[in-house]
file my_file-v6.pdb (PDB, C-alpha atoms)
ATOM      1  CA  MET A  11      10.971 -17.896  21.859
ATOM      2  CA  GLU A  12      14.210 -19.653  22.702
ATOM      3  CA  ILE A  13      15.908 -18.127  19.662
ATOM      4  CA  PHE A  14      15.647 -14.648  21.232
ATOM      5  CA  ALA A  15      17.880 -15.767  24.072
ATOM      6  CA  ASN A  16      20.662 -15.793  21.504
ATOM      7  CA  PRO A  17      22.284 -12.355  20.937
ATOM      8  CA  ASP A  18      22.849 -13.274  17.291
ATOM      9  CA  ALA A  19      19.085 -13.400  16.794
ATOM     10  CA  TRP A  20      18.714  -9.792  17.982
ATOM     11  CA  ILE A  21      21.566  -8.677  15.735
ATOM     12  CA  SER A  22      19.919 -10.418  12.779
ATOM     13  CA  LEU A  23      16.572  -8.806  13.650
ATOM     14  CA  LEU A  24      18.029  -5.267  13.837
ATOM     15  CA  THR A  25      20.095  -5.709  10.677
ATOM     16  CA  LEU A  26      17.216  -7.197   8.715
ATOM     17  CA  THR A  27      14.780  -4.503   9.908
ATOM     18  CA  PHE A  28      17.177  -1.791   8.767
ATOM     19  CA  MET A  29      17.662  -3.474   5.400
ATOM     20  CA  GLU A  30      13.906  -3.905   4.934
ATOM     21  CA  VAL A  31      13.369  -0.192   5.606
ATOM     22  CA  VAL A  32      16.106   0.749   3.116
ATOM     23  CA  LEU A  33      14.763  -1.632   0.476
ATOM     24  CA  GLY A  34      11.261  -0.318   1.137
ATOM     25  CA  ILE A  35      12.173   3.270   0.232
ATOM     26  CA  ASP A  36      11.649   2.677  -3.485
ATOM     27  CA  ASN A  37       8.341   0.957  -2.660
ATOM     28  CA  ILE A  38       7.199   4.018  -0.680
ATOM     29  CA  VAL A  39       8.263   6.359  -3.487
ATOM     30  CA  PHE A  40       6.344   4.351  -6.086
ATOM     31  CA  ILE A  41       3.222   4.128  -3.915
ATOM     32  CA  SER A  42       3.455   7.871  -3.134
ATOM     33  CA  ILE A  43       3.570   8.775  -6.826
ATOM     34  CA  ILE A  44       0.759   6.398  -7.815
ATOM     35  CA  VAL A  45      -1.446   7.367  -4.855
ATOM     36  CA  GLY A  46      -0.896  11.028  -5.796
ATOM     37  CA  ARG A  47      -3.175  10.380  -8.799
ATOM     38  CA  LEU A  48      -6.092   9.766  -6.419
ATOM     39  CA  PRO A  49      -8.375  12.523  -5.106
ATOM     40  CA  LYS A  50      -6.952  14.162  -1.980
ATOM     41  CA  GLU A  51      -9.487  12.564   0.369
ATOM     42  CA  GLN A  52      -8.613   9.035  -0.852
ATOM     43  CA  GLN A  53      -4.817   9.287  -0.775
ATOM     44  CA  ALA A  54      -4.372   8.315   2.887
ATOM     45  CA  LYS A  55      -6.574   5.262   2.355
ATOM     46  CA  GLY A  56      -4.630   4.337  -0.781
ATOM     47  CA  ARG A  57      -1.273   4.572   1.015
ATOM     48  CA  THR A  58      -2.485   2.455   3.917
ATOM     49  CA  ILE A  59      -3.948  -0.225   1.659
ATOM     50  CA  GLY A  60      -0.854  -0.217  -0.554
ATOM     51  CA  LEU A  61       1.626  -0.712   2.289
ATOM     52  CA  SER A  62      -0.684  -3.224   3.982
ATOM     53  CA  LEU A  63      -0.735  -5.248   0.775
ATOM     54  CA  ALA A  64       3.062  -5.079   0.662
ATOM     55  CA  LEU A  65       3.173  -6.490   4.214
ATOM     56  CA  VAL A  66       0.704  -9.264   3.334
ATOM     57  CA  PHE A  67       2.678 -10.255   0.232
ATOM     58  CA  ARG A  68       5.930 -10.400   2.192
ATOM     59  CA  ILE A  69       4.449 -12.592   4.935
ATOM     60  CA  ILE A  70       2.799 -14.903   2.383
ATOM     61  CA  LEU A  71       6.090 -15.274   0.518
ATOM     62  CA  LEU A  72       7.855 -16.040   3.804
ATOM     63  CA  MET A  73       5.399 -18.892   4.317
ATOM     64  CA  PHE A  74       6.663 -20.313   1.018
ATOM     65  CA  ILE A  75      10.305 -19.655   1.781
ATOM     66  CA  SER A  76      11.423 -22.987   0.322
ATOM     67  CA  TRP A  77       9.810 -22.090  -3.014
ATOM     68  CA  ILE A  78      11.472 -18.663  -2.924
ATOM     69  CA  VAL A  79      14.876 -20.263  -2.447
ATOM     70  CA  GLY A  80      14.158 -22.704  -5.251
ATOM     71  CA  ALA A  81      12.917 -19.920  -7.533
ATOM     72  CA  SER A  82      16.519 -19.257  -8.502
ATOM     73  CA  ALA A  83      16.826 -22.763  -9.945
ATOM     74  CA  PRO A  84      16.814 -22.886 -13.770
ATOM     75  CA  LEU A  85      13.365 -23.344 -15.252
ATOM     76  CA  PHE A  86      14.602 -23.687 -18.826
ATOM     77  CA  THR A  87      17.617 -22.648 -20.860
ATOM     78  CA  ILE A  88      18.001 -20.483 -23.942
ATOM     79  CA  ASN A  89      20.600 -21.233 -26.578
ATOM     80  CA  LEU A  90      22.452 -17.989 -27.194
ATOM     81  CA  PRO A  91      23.306 -17.348 -30.849
ATOM     82  CA  PHE A  92      26.947 -16.975 -31.865
ATOM     83  CA  THR A  93      28.039 -18.531 -28.561
ATOM     84  CA  GLU A  94      28.460 -22.031 -27.258
ATOM     85  CA  SER A  95      26.876 -21.286 -23.882
ATOM     86  CA  ASP A  96      23.284 -21.580 -22.672
ATOM     87  CA  PHE A  97      21.416 -18.952 -20.644
ATOM     88  CA  PRO A  98      19.424 -20.469 -17.732
ATOM     89  CA  VAL A  99      16.113 -18.773 -16.951
ATOM     90  CA  SER A 100      14.456 -19.080 -13.517
ATOM     91  CA  TRP A 101      11.227 -17.775 -11.984
ATOM     92  CA  ARG A 102      13.310 -15.128 -10.231
ATOM     93  CA  ASP A 103      14.633 -13.892 -13.568
ATOM     94  CA  ILE A 104      11.145 -13.747 -15.067
ATOM     95  CA  ILE A 105       9.670 -11.835 -12.107
ATOM     96  CA  LEU A 106      12.549  -9.337 -11.951
ATOM     97  CA  PHE A 107      12.522  -8.809 -15.728
ATOM     98  CA  CYS A 108       8.756  -8.201 -15.883
ATOM     99  CA  GLY A 109       8.903  -5.970 -12.808
ATOM    100  CA  GLY A 110      11.745  -3.944 -14.295
ATOM    101  CA  LEU A 111       9.844  -3.461 -17.558
ATOM    102  CA  PHE A 112       6.746  -2.394 -15.617
ATOM    103  CA  LEU A 113       8.753   0.186 -13.632
ATOM    104  CA  LEU A 114      10.379   1.535 -16.784
ATOM    105  CA  ALA A 115       7.051   1.826 -18.609
ATOM    106  CA  LYS A 116       5.164   3.354 -15.678
ATOM    107  CA  SER A 117       7.876   5.861 -14.729
ATOM    108  CA  THR A 118       8.384   6.940 -18.343
ATOM    109  CA  THR A 119       4.626   7.411 -18.776
ATOM    110  CA  GLU A 120       4.415   9.489 -15.588
ATOM    111  CA  ILE A 121       7.313  11.699 -16.730
ATOM    112  CA  HIS A 122       5.689  12.119 -20.158
ATOM    113  CA  ASN A 123       2.353  13.106 -18.604
ATOM    114  CA  LYS A 124       4.094  15.539 -16.286
ATOM    115  CA  LEU A 125       6.051  17.231 -19.080
ATOM    116  CA  GLU A 126       3.187  17.320 -21.572
ATOM    117  CA  GLY A 127       0.596  18.397 -19.013
ATOM    118  CA  GLU A 128      -1.787  15.571 -19.917
ATOM    119  CA  GLU A 129      -2.901  15.208 -16.276
ATOM    120  CA  GLU A 130      -4.411  18.710 -16.387
ATOM    121  CA  GLU A 131      -5.650  18.584 -20.004
ATOM    122  CA  ALA A 132      -7.632  15.364 -19.593
ATOM    123  CA  HIS A 133     -10.524  17.125 -17.840
ATOM    124  CA  GLY A 134     -10.469  20.550 -19.452
ATOM    125  CA  GLY A 135      -7.783  21.991 -17.229
ATOM    126  CA  GLY A 136      -8.668  20.016 -14.109
ATOM    127  CA  LYS A 137      -6.461  17.243 -12.799
ATOM    128  CA  ALA A 138      -7.201  13.756 -14.155
ATOM    129  CA  TYR A 139      -7.735  11.480 -11.159
ATOM    130  CA  ALA A 140      -7.234   7.729 -11.198
ATOM    131  CA  THR A 141      -9.674   5.315  -9.590
ATOM    132  CA  MET A 142      -8.839   3.339  -6.466
ATOM    133  CA  SER A 143      -8.995   0.053  -8.385
ATOM    134  CA  GLN A 144      -6.512   1.308 -11.016
ATOM    135  CA  VAL A 145      -4.095   2.432  -8.310
ATOM    136  CA  LEU A 146      -4.368  -0.796  -6.316
ATOM    137  CA  ILE A 147      -3.739  -2.975  -9.381
ATOM    138  CA  GLN A 148      -0.502  -1.091 -10.074
ATOM    139  CA  VAL A 149       0.487  -1.206  -6.399
ATOM    140  CA  ILE A 150      -0.139  -4.979  -6.241
ATOM    141  CA  LEU A 151       1.992  -5.601  -9.343
ATOM    142  CA  ILE A 152       4.978  -3.674  -8.025
ATOM    143  CA  ASP A 153       4.505  -5.014  -4.467
ATOM    144  CA  ILE A 154       5.009  -8.538  -5.822
ATOM    145  CA  VAL A 155       8.326  -7.552  -7.394
ATOM    146  CA  PHE A 156       9.616  -5.576  -4.401
ATOM    147  CA  SER A 157       8.422  -8.258  -1.976
ATOM    148  CA  PHE A 158      10.263 -10.936  -3.936
ATOM    149  CA  ASP A 159      13.500  -8.926  -3.853
ATOM    150  CA  SER A 160      12.993  -8.152  -0.162
ATOM    151  CA  ILE A 161      12.504 -11.810   0.785
ATOM    152  CA  LEU A 162      15.635 -12.861  -1.089
ATOM    153  CA  THR A 163      17.553 -10.341   1.031
ATOM    154  CA  ALA A 164      15.923 -11.636   4.201
ATOM    155  CA  VAL A 165      16.957 -15.210   3.395
ATOM    156  CA  GLY A 166      20.576 -14.095   3.165
ATOM    157  CA  LEU A 167      20.541 -12.221   6.487
ATOM    158  CA  ALA A 168      18.501 -14.508   8.763
ATOM    159  CA  GLN A 169      17.847 -18.214   9.137
ATOM    160  CA  GLU A 170      14.660 -18.207  11.235
ATOM    161  CA  VAL A 171      11.362 -17.399   9.519
ATOM    162  CA  ILE A 172       9.950 -15.833  12.716
ATOM    163  CA  ILE A 173      12.787 -13.284  12.740
ATOM    164  CA  MET A 174      12.083 -12.452   9.086
ATOM    165  CA  ILE A 175       8.370 -11.943   9.785
ATOM    166  CA  ILE A 176       8.996  -9.726  12.840
ATOM    167  CA  ALA A 177      11.547  -7.645  10.892
ATOM    168  CA  VAL A 178       9.126  -7.191   7.985
ATOM    169  CA  ILE A 179       6.275  -6.161  10.323
ATOM    170  CA  ILE A 180       8.483  -3.621  12.159
ATOM    171  CA  ALA A 181       9.828  -2.217   8.883
ATOM    172  CA  MET A 182       6.308  -1.875   7.459
ATOM    173  CA  GLY A 183       5.166  -0.144  10.647
ATOM    174  CA  ILE A 184       7.980   2.389  10.285
ATOM    175  CA  MET A 185       7.112   2.940   6.621
ATOM    176  CA  LEU A 186       3.413   3.414   7.441
ATOM    177  CA  VAL A 187       4.348   6.173   9.908
ATOM    178  CA  PHE A 188       6.545   8.075   7.450
ATOM    179  CA  ALA A 189       4.662   7.272   4.218
ATOM    180  CA  LYS A 190       2.414  10.358   4.479
ATOM    181  CA  TYR A 191       5.361  12.703   4.977
ATOM    182  CA  VAL A 192       7.252  11.181   2.050
ATOM    183  CA  SER A 193       4.147  11.301  -0.154
ATOM    184  CA  ASP A 194       3.315  14.915   0.721
ATOM    185  CA  PHE A 195       6.928  15.998   0.160
ATOM    186  CA  VAL A 196       7.221  14.244  -3.207
ATOM    187  CA  ASN A 197       3.888  15.519  -4.540
ATOM    188  CA  LYS A 198       4.431  19.057  -3.204
ATOM    189  CA  HIS A 199       7.745  19.552  -5.028
ATOM    190  CA  PRO A 200       7.583  18.839  -8.800
ATOM    191  CA  THR A 201      11.369  18.646  -9.171
ATOM    192  CA  VAL A 202      11.608  16.057  -6.381
ATOM    193  CA  LYS A 203       8.820  14.061  -8.018
ATOM    194  CA  MET A 204      10.706  14.114 -11.317
ATOM    195  CA  LEU A 205      13.857  13.006  -9.487
ATOM    196  CA  ALA A 206      11.930  10.171  -7.811
ATOM    197  CA  LEU A 207      10.569   9.004 -11.168
ATOM    198  CA  SER A 208      14.113   9.031 -12.561
ATOM    199  CA  PHE A 209      15.200   6.855  -9.623
ATOM    200  CA  LEU A 210      12.405   4.403 -10.398
ATOM    201  CA  ILE A 211      13.649   4.186 -13.983
ATOM    202  CA  LEU A 212      17.108   3.445 -12.609
ATOM    203  CA  ILE A 213      15.712   0.755 -10.292
ATOM    204  CA  GLY A 214      13.714  -0.759 -13.163
ATOM    205  CA  PHE A 215      16.874  -0.912 -15.261
ATOM    206  CA  MET A 216      18.711  -2.515 -12.330
ATOM    207  CA  LEU A 217      16.002  -5.204 -12.009
ATOM    208  CA  ILE A 218      16.301  -6.023 -15.706
ATOM    209  CA  VAL A 219      20.088  -6.249 -15.438
ATOM    210  CA  GLU A 220      19.721  -8.503 -12.367
ATOM    211  CA  SER A 221      17.387 -10.782 -14.324
ATOM    212  CA  LEU A 222      20.148 -11.124 -16.927
ATOM    213  CA  HIS A 223      22.512 -12.393 -14.202
ATOM    214  CA  GLN A 224      24.551  -9.186 -14.087
ATOM    215  CA  HIS A 225      24.835  -8.073 -10.458
ATOM    216  CA  ILE A 226      24.887  -4.364  -9.611
ATOM    217  CA  PRO A 227      25.659  -3.561  -5.941
ATOM    218  CA  LYS A 228      22.603  -1.785  -4.539
ATOM    219  CA  GLY A 229      24.892   0.450  -2.479
ATOM    220  CA  TYR A 230      25.870   2.293  -5.659
ATOM    221  CA  ILE A 231      22.232   2.880  -6.560
ATOM    222  CA  TYR A 232      21.226   4.140  -3.123
ATOM    223  CA  PHE A 233      24.311   6.351  -2.862
ATOM    224  CA  ALA A 234      23.436   7.954  -6.211
ATOM    225  CA  MET A 235      19.862   8.493  -4.995
ATOM    226  CA  PHE A 236      21.031  10.032  -1.711
ATOM    227  CA  PHE A 237      23.608  12.283  -3.413
ATOM    228  CA  SER A 238      21.096  13.521  -6.012
ATOM    229  CA  LEU A 239      18.510  14.182  -3.297
ATOM    230  CA  MET A 240      21.019  16.228  -1.276
ATOM    231  CA  VAL A 241      21.844  18.318  -4.355
ATOM    232  CA  GLU A 242      18.132  18.896  -4.980
ATOM    233  CA  MET A 243      17.615  19.920  -1.333
ATOM    234  CA  LEU A 244      20.378  22.528  -1.759
ATOM    235  CA  ASN A 245      18.699  23.766  -4.950
ATOM    236  CA  MET A 246      15.360  24.044  -3.144
ATOM    237  CA  LYS A 247      16.981  26.032  -0.345
ATOM    238  CA  LEU A 248      18.676  28.313  -2.879
ATOM    239  CA  ARG A 249      15.413  28.909  -4.753
ATOM    240  CA  LYS A 250      13.611  29.713  -1.515
ATOM    241  CA  LYS A 251      16.360  32.144  -0.521
ATOM    242  CA  SER A 252      16.276  33.903  -3.896
ATOM    243  CA  GLU A 253      12.473  34.415  -3.928
ATOM    244  CA  PRO A 254      12.485  37.506  -1.628
ATOM    245  CA  VAL A 255      15.244  39.077  -3.762
ATOM    246  CA  GLN A 256      13.247  38.525  -6.957
ATOM    247  CA  LEU A 257      10.137  39.957  -5.295
ATOM    248  CA  ARG A 258      12.002  43.116  -4.208
ATOM    249  CA  GLN A 259      13.401  43.566  -7.716
ATOM    250  CA  SER A 260       9.906  43.218  -9.135
ATOM    251  CA  GLU A 261       8.617  45.873  -6.726
ATOM    252  CA  VAL A 262      11.342  48.286  -7.796
ATOM    253  CA  GLN A 263      10.684  47.742 -11.514
ATOM    254  CA  ASP A 264       6.886  48.064 -11.235
ATOM    255  CA  PRO A 265       5.874  49.542  -7.861
ATOM    256  CA  GLU A 266       2.221  50.133  -8.946
ATOM    257  CA  LYS A 267       1.557  46.377  -9.056
ATOM    258  CA  HIS A 268       2.692  45.989  -5.431
ATOM    259  CA  GLU A 269       0.910  49.058  -4.054
ATOM    260  CA  VAL A 270      -0.859  48.211  -0.791
ATOM    261  CA  VAL A 271      -4.556  49.159  -0.874
TER     262      VAL A 271
END
call {"tool": "encode", "arguments": {"input": "my_file-v6.pdb", "output": "structure tokens"}}
result
Amino acid sequence: MEIFANPDAWISLLTLTFMEVVLGIDNIVFISIIVGRLPKEQQAKGRTIGLSLALVFRIILLMFISWIVGASAPLFTINLPFTESDFPVSWRDIILFCGGLFLLAKSTTEIHNKLEGEEEEAHGGGKAYATMSQVLIQVILIDIVFSFDSILTAVGLAQEVIIMIIAVIIAMGIMLVFAKYVSDFVNKHPTVKMLALSFLILIGFMLIVESLHQHIPKGYIYFAMFFSLMVEMLNMKLRKKSEPVQLRQSEVQDPEKHEVV
């Protein structure tokens, strides 16, 4: 507890907690979309288990912090054709590349199902629900990728493992509180869900680029997400405002349909 007598420790804790919450947004969005495939009565349980698994993975990885740091060391090298240079490949590159491919594949499939209406057609017009085991397997796979990226950020912002663990626990607590609201909002508005899936494609592409040793500042990605979300919020407000006008026009054109009995 002596480290908390140092003001720098508190600054590191606050900064790291904030960063963990920001980095956890894409995790919440993914879990919200995947859990939305469960029956309504199981969605809260799925969200809780999903975020709890994310917390467990982060704490376990923090226990192996030395391995995480060493995961960036070259595992083997690939001789690039037409060049005289070699491309070093590490465990970090492999995990980010596989995670990026998984995000791209899953998000593209979800968009395809949404556009083609396969969710409703699978059961004769009723929604096709996923099982809890199917959802948890997907959540575990993406939790590993997001946890790995999160821990690498934590290593750069704090030196003490106890500070990293406390920051991760606080951030996960905050995400557990707001996960339901985010999930309900995303699943209630189809255009927002489509926007969220597009963001996940962007994040998957960013992970693949990172695995190829090409750094993209995350600030650009999150700014694009925030800007697009603000535009969509304005569109939602405009659509809501125009609904009464459209209803009144419909009443004028065909008053018999709106006759009060």
call {"tool": "atom_distance", "arguments": {"input": "my_file-v6.pdb", "atom1": "atom CA of His225 of chain A", "atom2": "atom CA of Phe237 of chain A"}}
result
21.6 Å
call {"tool": "resolve_selection", "arguments": {"input": "my_file-v6.pdb", "expression": "the PyMOL selection byres ((chain A and resi 207) around 9)", "output": "list in words"}}
result
Val39, Phe40, Ile43, Ser117, Thr118, Glu120, Ile121, Val202, Lys203, Met204, Leu205, Ala206, Ser208, Phe209, Leu210, Ile211 and Leu212 of chain A
call {"tool": "residues_around", "arguments": {"input": "my_file-v6.pdb", "residues": "Val155 of chain A", "least_positions_apart": "2", "cutoff": "7 Å", "atoms": "all atoms listed in the file", "output": "PyMOL selection string"}}
result
chain A and resi 105-106+109+151-153+157-159
call {"tool": "resolve_selection", "arguments": {"input": "my_file-v6.pdb", "expression": "the PyMOL selection byres ((chain A and resi 59-73) around 8)", "output": "list in words"}}
result
Ile38, Ile41, Lys55, Gly56, Arg57, Thr58, Phe74, Ile75, Ile78, Leu146, Val149, Ile150, Asp153, Ile154, Ser157, Phe158, Ser160, Ile161, Val171, Met174, Ile175, Val178, Ile179, Met182, Met185 and Leu186 of chain A
call {"tool": "closest_residue", "arguments": {"input": "my_file-v6.pdb", "among": "A:Ser252, A:Ser238, A:Leu113, A:Ser221", "to": "Phe97 of chain A", "atoms": "all atoms listed in the file"}}
result
A:Ser221
call {"tool": "residues_around", "arguments": {"input": "my_file-v6.pdb", "residues": "Gln52 of chain A", "least_positions_apart": "6", "cutoff": "12 Å", "atoms": "all atoms listed in the file", "output": "list in words"}}
result
Ile44, Val45, Gly46, Thr58, Ile59, Tyr139, Ala140, Thr141, Met142, Ser143 and Val145 of chain A
call {"tool": "write_last_selection", "arguments": {"input": "my_file-v6.pdb", "atoms": "C-alpha atoms", "output": "PDB file, in the frame of the given file"}}
result
ATOM      1  CA  ILE A  44       0.759   6.398  -7.815  1.00  0.00           C
ATOM      2  CA  VAL A  45      -1.446   7.367  -4.855  1.00  0.00           C
ATOM      3  CA  GLY A  46      -0.896  11.028  -5.796  1.00  0.00           C
ATOM      4  CA  THR A  58      -2.485   2.455   3.917  1.00  0.00           C
ATOM      5  CA  ILE A  59      -3.948  -0.225   1.659  1.00  0.00           C
ATOM      6  CA  TYR A 139      -7.735  11.480 -11.159  1.00  0.00           C
ATOM      7  CA  ALA A 140      -7.234   7.729 -11.198  1.00  0.00           C
ATOM      8  CA  THR A 141      -9.674   5.315  -9.590  1.00  0.00           C
ATOM      9  CA  MET A 142      -8.839   3.339  -6.466  1.00  0.00           C
ATOM     10  CA  SER A 143      -8.995   0.053  -8.385  1.00  0.00           C
ATOM     11  CA  VAL A 145      -4.095   2.432  -8.310  1.00  0.00           C
TER      12      VAL A 145
END
call {"tool": "atom_distance", "arguments": {"input": "my_file-v6.pdb", "atom1": "atom CA of Ile172 of chain A", "atom2": "atom CA of Ala189 of chain A"}}
result
25.2 Å
call {"tool": "atom_distance", "arguments": {"input": "my_file-v6.pdb", "atom1": "atom CA of Met246 of chain A", "atom2": "atom CA of Pro200 of chain A"}}
result
10.9 Å
call {"tool": "closest_residue", "arguments": {"input": "my_file-v6.pdb", "among": "A:Leu111, A:Ile176, A:Pro49, A:Asp103", "to": "Ser22 of chain A", "atoms": "all atoms listed in the file"}}
result
A:Ile176
call {"tool": "closest_residue", "arguments": {"input": "my_file-v6.pdb", "among": "A:Thr87, A:Ser82, A:Thr201, A:Thr27", "to": "Ile184 of chain A", "atoms": "all atoms listed in the file"}}
result
A:Thr27
